[in-house]
$ cat coords_32.csv   # CSV, C-alpha atoms
chain,number,residue,atom,x,y,z
A,8,MET,CA,-39.5,-63.8,4.0
A,9,LEU,CA,-41.4,-60.6,4.7
A,10,GLY,CA,-45.0,-60.4,3.8
A,11,VAL,CA,-46.6,-57.6,1.7
A,12,ALA,CA,-47.8,-55.7,4.8
A,13,GLU,CA,-44.4,-55.8,6.4
A,14,ARG,CA,-42.7,-54.6,3.3
A,15,ARG,CA,-45.2,-51.7,3.0
A,16,THR,CA,-44.4,-50.5,6.5
A,17,LEU,CA,-40.7,-51.1,6.2
A,18,ALA,CA,-40.3,-49.4,2.9
A,19,PRO,CA,-40.7,-45.7,4.1
A,20,ALA,CA,-38.3,-46.3,6.9
A,21,LEU,CA,-35.7,-47.9,4.6
A,22,ILE,CA,-36.0,-45.0,2.1
A,23,PHE,CA,-35.7,-42.5,4.9
A,24,ALA,CA,-32.6,-44.2,6.3
A,25,CYS,CA,-31.0,-44.3,2.8
A,26,LEU,CA,-31.7,-40.6,2.3
A,27,VAL,CA,-30.2,-39.7,5.7
A,28,ALA,CA,-27.1,-41.8,5.0
A,29,GLY,CA,-26.7,-40.1,1.6
A,30,LEU,CA,-27.0,-36.7,3.1
A,31,LEU,CA,-24.6,-37.3,6.0
A,32,ALA,CA,-22.0,-38.7,3.6
A,33,GLY,CA,-21.4,-35.2,2.3
A,34,CYS,CA,-20.8,-33.7,5.7
A,35,ASP,CA,-17.1,-34.3,5.8
A,36,GLY,CA,-14.1,-33.5,3.8
A,37,PRO,CA,-12.4,-30.4,2.3
A,38,GLN,CA,-15.4,-29.2,0.3
A,39,SER,CA,-18.0,-29.5,3.0
A,40,ALA,CA,-19.6,-26.4,4.3
A,41,LEU,CA,-20.1,-28.2,7.6
A,42,ASP,CA,-16.4,-28.9,8.0
A,43,PRO,CA,-14.6,-25.5,8.5
A,44,ALA,CA,-11.0,-25.4,7.6
A,45,GLY,CA,-9.7,-22.4,9.5
A,46,PRO,CA,-10.3,-20.3,12.5
A,47,GLU,CA,-12.4,-17.7,10.7
A,48,ALA,CA,-14.4,-20.5,9.1
A,49,GLU,CA,-15.0,-22.1,12.5
A,50,LYS,CA,-16.3,-18.8,13.8
A,51,LEU,CA,-18.7,-18.5,10.9
A,52,ALA,CA,-19.8,-22.1,11.2
A,53,LYS,CA,-20.5,-21.4,14.9
A,54,LEU,CA,-22.4,-18.3,14.0
A,55,PHE,CA,-24.5,-20.2,11.5
A,56,TRP,CA,-25.5,-22.9,14.0
A,57,VAL,CA,-26.3,-20.4,16.7
A,58,MET,CA,-28.5,-18.4,14.3
A,59,THR,CA,-30.1,-21.6,13.0
A,60,ILE,CA,-30.9,-22.8,16.6
A,61,GLY,CA,-32.2,-19.3,17.5
A,62,ALA,CA,-34.4,-19.1,14.5
A,63,VAL,CA,-35.8,-22.6,15.1
A,64,ALA,CA,-36.5,-21.7,18.8
A,65,LEU,CA,-38.2,-18.5,17.8
A,66,TRP,CA,-40.3,-20.3,15.2
A,67,ALA,CA,-41.3,-23.0,17.6
A,68,GLY,CA,-42.2,-20.5,20.3
A,69,VAL,CA,-44.4,-18.5,18.0
A,70,MET,CA,-46.0,-21.6,16.4
A,71,GLY,CA,-46.6,-23.0,19.9
A,72,LEU,CA,-48.4,-19.8,20.9
A,73,ALA,CA,-50.4,-19.8,17.7
A,74,LEU,CA,-51.5,-23.4,18.3
A,75,TYR,CA,-52.4,-22.5,21.8
A,76,ALA,CA,-54.5,-19.6,20.6
A,77,VAL,CA,-56.3,-21.8,18.1
A,78,LYS,CA,-56.9,-24.7,20.5
A,79,THR,CA,-58.3,-22.4,23.3
A,80,GLY,CA,-61.0,-21.0,21.0
A,81,SER,CA,-62.0,-17.4,21.6
A,82,PRO,CA,-60.0,-16.1,24.5
A,83,PRO,CA,-60.9,-12.9,26.4
A,84,ALA,CA,-59.5,-9.7,24.9
A,85,ASN,CA,-56.8,-9.4,27.7
A,86,ALA,CA,-55.5,-12.9,27.0
A,87,ALA,CA,-55.4,-12.3,23.2
A,88,ASN,CA,-53.5,-9.0,23.8
A,89,LEU,CA,-51.1,-10.8,26.1
A,90,LEU,CA,-50.4,-13.6,23.5
A,91,ILE,CA,-49.8,-11.0,20.7
A,92,LEU,CA,-47.6,-8.7,22.8
A,93,GLY,CA,-45.8,-11.4,24.8
A,94,GLY,CA,-45.3,-14.0,22.1
A,95,GLY,CA,-45.3,-12.0,18.9
A,96,VAL,CA,-43.5,-8.9,20.0
A,97,VAL,CA,-41.5,-9.5,23.2
A,98,LEU,CA,-40.4,-13.0,22.4
A,99,SER,CA,-39.4,-12.1,18.9
A,100,ILE,CA,-37.6,-8.9,19.8
A,101,THR,CA,-35.7,-10.6,22.7
A,102,VAL,CA,-34.5,-13.6,20.6
A,103,LEU,CA,-33.6,-11.5,17.5
A,104,THR,CA,-31.8,-8.9,19.6
A,105,ALA,CA,-29.7,-11.6,21.4
A,106,LEU,CA,-28.9,-13.1,18.0
A,107,LEU,CA,-27.9,-9.7,16.5
A,108,ILE,CA,-25.7,-8.9,19.4
A,109,TYR,CA,-24.0,-12.3,19.3
A,110,GLY,CA,-23.5,-12.0,15.6
A,111,LEU,CA,-22.0,-8.5,15.8
A,112,VAL,CA,-19.7,-9.5,18.6
A,113,LEU,CA,-18.5,-12.6,16.8
A,114,THR,CA,-18.1,-11.0,13.4
A,115,GLY,CA,-16.2,-8.1,15.0
A,116,THR,CA,-13.4,-10.6,15.9
A,117,LEU,CA,-13.0,-11.7,12.3
A,118,ARG,CA,-10.2,-10.3,10.2
A,119,SER,CA,-11.2,-7.8,7.6
A,120,ALA,CA,-10.9,-9.0,3.9
A,121,GLY,CA,-7.8,-6.7,3.3
A,122,ALA,CA,-5.9,-7.7,6.4
A,123,GLY,CA,-3.2,-10.2,6.0

$ encode --input "coords_32.csv" --output "structure tokens"
Amino acid sequence: MLGVAERRTLAPALIFACLVAGLLAGCDGPQSALDPAGPEAEKLAKLFWVMTIGAVALWAGVMGLALYAVKTGSPPANAANLLILGGGVVLSITVLTALLIYGLVLTGTLRSAGAG
């Protein structure tokens, strides 16, 4: 038998495992958005995942730079300008431009709605 302390530490992990199992159960089948059924749907699913990964990478980079700026205290003006321009402007523009180009190239290969 598990004691009260063991049950208290095991309960959140068990609840999390049940939630994950429930969510993953809906990731398959004909009505799943994560299971594309045709070539155009596969391209759109790939576009979705690339955009999601790019957005998460951009967010993580900017948040990492923000945490670095907070942890270092009051940096010199040159370092602050470098963080703002490098992380906030150059990093964002680079990632978003790459994602835009990828999306435009990929969607250009899809059939138009009227084409049969």

$ closest_residue --input "coords_32.csv" --among "A:Ala48, A:Ala84, A:Ser99, A:Val57" --to "Met70 of chain A" --atoms "all atoms listed in the file"
A:Ser99

$ closest_residue --input "coords_32.csv" --among "A:Pro19, A:Pro83, A:Pro46, A:Gly29" --to "Thr116 of chain A" --atoms "only C-alpha atoms"
A:Pro46

$ atom_distance --input "coords_32.csv" --atom1 "atom CA of Ala67 of chain A" --atom2 "atom CA of Val27 of chain A"
23.3 Å

$ atom_distance --input "coords_32.csv" --atom1 "atom CA of Ile108 of chain A" --atom2 "atom CA of Asp42 of chain A"
24.8 Å

$ residues_around --input "coords_32.csv" --residues "Thr114 of chain A" --least-positions-apart "5" --cutoff "10 Å" --atoms "all atoms listed in the file" --output "PyMOL selection string"
chain A and resi 47+50-51+54+108-109+119

$ closest_residue --input "coords_32.csv" --among "A:Leu41, A:Val69, A:Ala24, A:Val97" --to "Trp56 of chain A" --atoms "only C-alpha atoms"
A:Leu41

$ atom_distance --input "coords_32.csv" --atom1 "atom CA of Leu65 of chain A" --atom2 "atom CA of Lys53 of chain A"
18.2 Å

$ residues_around --input "coords_32.csv" --residues "segment 89-91 of chain A" --least-positions-apart "4" --cutoff "8 Å" --atoms "only C-alpha atoms" --output "ChimeraX atom specification"
/A:72,76,85,95-96

$ closest_residue --input "coords_32.csv" --among "A:Ala64, A:Thr16, A:Phe55, A:Cys25" --to "Leu103 of chain A" --atoms "only C-alpha atoms"
A:Ala64
